[in-house]
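To start, the structure itself, in structure tokens.
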Amino acid sequence: MRIVKLSASALAVSLALASTVPAVAQTATAPAAVVVVPDGYTITEFTTITPEQMKGATVYDTEGNEAGRITNLVIGPDNAVTGVVTDVSTFVGVDKHEVALKPEHIHVYRNAAGDLRAVAVVTKDELKEMPIHAER
């Protein structure tokens, strides 16, 4: 398995700030989210995937545990994806819990056979706290 570190720019800013602030004033910072990339998969841009291909894709957490399935995409007025509706019911242990994740919170990977996997870069607690997505 390959490991990809996310939020590299945030890490760089933290390191730059840490070098300019006296040690007494420093506080612990959260580590950057780490995503385990499935073997045989490469990152894929949203623009190369149709909504039909995305629907039903399995969503995993950053540790590689299944978190749910993509059920729909929210498309903005400029035809860009503004939300990824994900059923996380089994992940949070409730009957029906669909949440709309921001596109920047989902990374999509594809293998040579065309199978898709999505990785959510939010925690279990964040998924549990998200409001249920209501269709408009």
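For the structure tokens, the naming scheme is as follows: chains receive sequential letters (A, B, ...) according to their order of presentation, residues are indexed from 1 within each chain, and ligands are indexed from 1 in presentation order.
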
Which of region 24-113 of chain A DSSP labels strand (DSSP E or B), written as an MDAnalysis selection string: chainID A and resid 34:37 41:44 58:60 66:75 81:87 98:101 106:111

Mind dumping the selected residues with N, CA and C atoms as a short mmCIF file (atom, residue, chain, number, x, y, z; two decimals), in the first residue's frame?
```cif
data_model
loop_
_atom_site.label_atom_id
_atom_site.label_comp_id
_atom_site.auth_asym_id
_atom_site.auth_seq_id
_atom_site.Cartn_x
_atom_site.Cartn_y
_atom_site.Cartn_z
N VAL A 34 -3.83 11.46 6.86
CA VAL A 34 -3.09 10.49 6.05
C VAL A 34 -4.10 9.54 5.43
N VAL A 35 -4.01 9.37 4.13
CA VAL A 35 -4.91 8.48 3.40
C VAL A 35 -4.13 7.29 2.90
N VAL A 36 -4.64 6.09 3.16
CA VAL A 36 -4.04 4.88 2.64
C VAL A 36 -4.64 4.63 1.26
N VAL A 37 -3.81 4.74 0.23
CA VAL A 37 -4.27 4.54 -1.14
C VAL A 37 -4.32 3.05 -1.40
N TYR A 41 -4.66 1.40 -7.26
CA TYR A 41 -5.53 2.55 -7.54
C TYR A 41 -4.70 3.81 -7.67
N THR A 42 -5.18 4.74 -8.50
CA THR A 42 -4.56 6.06 -8.63
C THR A 42 -5.62 7.12 -8.45
N ILE A 43 -5.22 8.29 -7.99
CA ILE A 43 -6.17 9.37 -7.76
C ILE A 43 -6.78 9.81 -9.08
N THR A 44 -8.05 10.17 -9.02
CA THR A 44 -8.81 10.54 -10.21
C THR A 44 -9.52 11.85 -9.96
N THR A 58 -18.02 2.92 -3.11
CA THR A 58 -17.78 2.76 -1.67
C THR A 58 -16.92 3.90 -1.18
N VAL A 59 -17.28 4.43 -0.01
CA VAL A 59 -16.51 5.48 0.63
C VAL A 59 -15.79 4.87 1.83
N TYR A 60 -14.51 5.17 1.95
CA TYR A 60 -13.69 4.67 3.05
C TYR A 60 -13.22 5.84 3.90
N GLU A 66 -14.49 0.84 5.61
CA GLU A 66 -15.66 1.24 4.83
C GLU A 66 -16.52 2.20 5.65
N ALA A 67 -16.89 3.33 5.03
CA ALA A 67 -17.66 4.37 5.73
C ALA A 67 -19.05 4.55 5.15
N GLY A 68 -19.31 4.07 3.94
CA GLY A 68 -20.63 4.24 3.34
C GLY A 68 -20.56 4.12 1.83
N ARG A 69 -21.60 4.64 1.18
CA ARG A 69 -21.69 4.61 -0.29
C ARG A 69 -22.18 5.95 -0.81
N ILE A 70 -21.67 6.35 -1.96
CA ILE A 70 -22.13 7.57 -2.60
C ILE A 70 -23.49 7.29 -3.22
N THR A 71 -24.47 8.13 -2.88
CA THR A 71 -25.82 7.94 -3.39
C THR A 71 -26.21 8.98 -4.44
N ASN A 72 -25.53 10.15 -4.41
CA ASN A 72 -25.87 11.20 -5.35
C ASN A 72 -24.81 12.27 -5.33
N LEU A 73 -24.84 13.14 -6.33
CA LEU A 73 -23.96 14.30 -6.36
C LEU A 73 -24.82 15.56 -6.38
N VAL A 74 -24.35 16.60 -5.74
CA VAL A 74 -25.03 17.89 -5.78
C VAL A 74 -24.27 18.72 -6.80
N ILE A 75 -24.99 19.19 -7.83
CA ILE A 75 -24.38 19.95 -8.91
C ILE A 75 -24.80 21.41 -8.78
N VAL A 81 -19.43 19.99 -9.31
CA VAL A 81 -19.88 19.22 -8.16
C VAL A 81 -19.67 20.07 -6.91
N THR A 82 -20.76 20.30 -6.15
CA THR A 82 -20.67 21.10 -4.92
C THR A 82 -20.87 20.24 -3.68
N GLY A 83 -21.31 19.00 -3.87
CA GLY A 83 -21.50 18.09 -2.74
C GLY A 83 -21.54 16.65 -3.20
N VAL A 84 -21.10 15.77 -2.32
CA VAL A 84 -21.13 14.34 -2.59
C VAL A 84 -22.00 13.72 -1.51
N VAL A 85 -23.23 13.32 -1.90
CA VAL A 85 -24.18 12.76 -0.94
C VAL A 85 -23.78 11.32 -0.66
N THR A 86 -23.56 11.05 0.61
CA THR A 86 -23.04 9.75 1.03
C THR A 86 -23.92 9.16 2.11
N ASP A 87 -24.33 7.91 1.92
CA ASP A 87 -25.10 7.20 2.95
C ASP A 87 -24.10 6.57 3.90
N GLU A 98 -27.83 10.18 5.44
CA GLU A 98 -27.12 10.65 4.26
C GLU A 98 -26.57 12.04 4.56
N VAL A 99 -25.32 12.24 4.25
CA VAL A 99 -24.67 13.54 4.46
C VAL A 99 -24.11 14.03 3.13
N ALA A 100 -23.99 15.34 3.00
CA ALA A 100 -23.40 15.93 1.80
C ALA A 100 -22.00 16.41 2.16
N LEU A 101 -21.02 15.68 1.67
CA LEU A 101 -19.62 16.04 1.90
C LEU A 101 -19.18 17.04 0.83
N ILE A 106 -13.49 14.58 -0.21
CA ILE A 106 -13.53 13.26 -0.85
C ILE A 106 -12.42 13.18 -1.89
N HIS A 107 -11.64 12.12 -1.82
CA HIS A 107 -10.64 11.85 -2.85
C HIS A 107 -11.07 10.55 -3.53
N VAL A 108 -11.10 10.57 -4.86
CA VAL A 108 -11.58 9.42 -5.63
C VAL A 108 -10.40 8.76 -6.32
N TYR A 109 -10.39 7.43 -6.25
CA TYR A 109 -9.34 6.62 -6.84
C TYR A 109 -9.96 5.62 -7.81
N ARG A 110 -9.24 5.30 -8.87
CA ARG A 110 -9.71 4.34 -9.88
C ARG A 110 -8.60 3.35 -10.15
N ASN A 111 -9.00 2.08 -10.39
CA ASN A 111 -7.99 1.09 -10.77
C ASN A 111 -8.07 0.84 -12.27
#
```

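For the pair CA of Pro38 (chain A) and CA of Lys96 (chain A), the interatomic distance is 27.6 Å.
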
Pick from A:Pro131, A:Val122, A:Gly114, A:Asp39 nearest to Gln53 (chain A), counting only C-alpha atoms: A:Gly114

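Using only C-alpha atoms, the smallest distance between any of A:Thr47, A:Leu116, A:Ala80, A:Gly64 and Lys102 (chain A) comes from A:Ala80.
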
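CA of Pro77 (chain A) is found 15.6 Å from CA of Pro51 (chain A).
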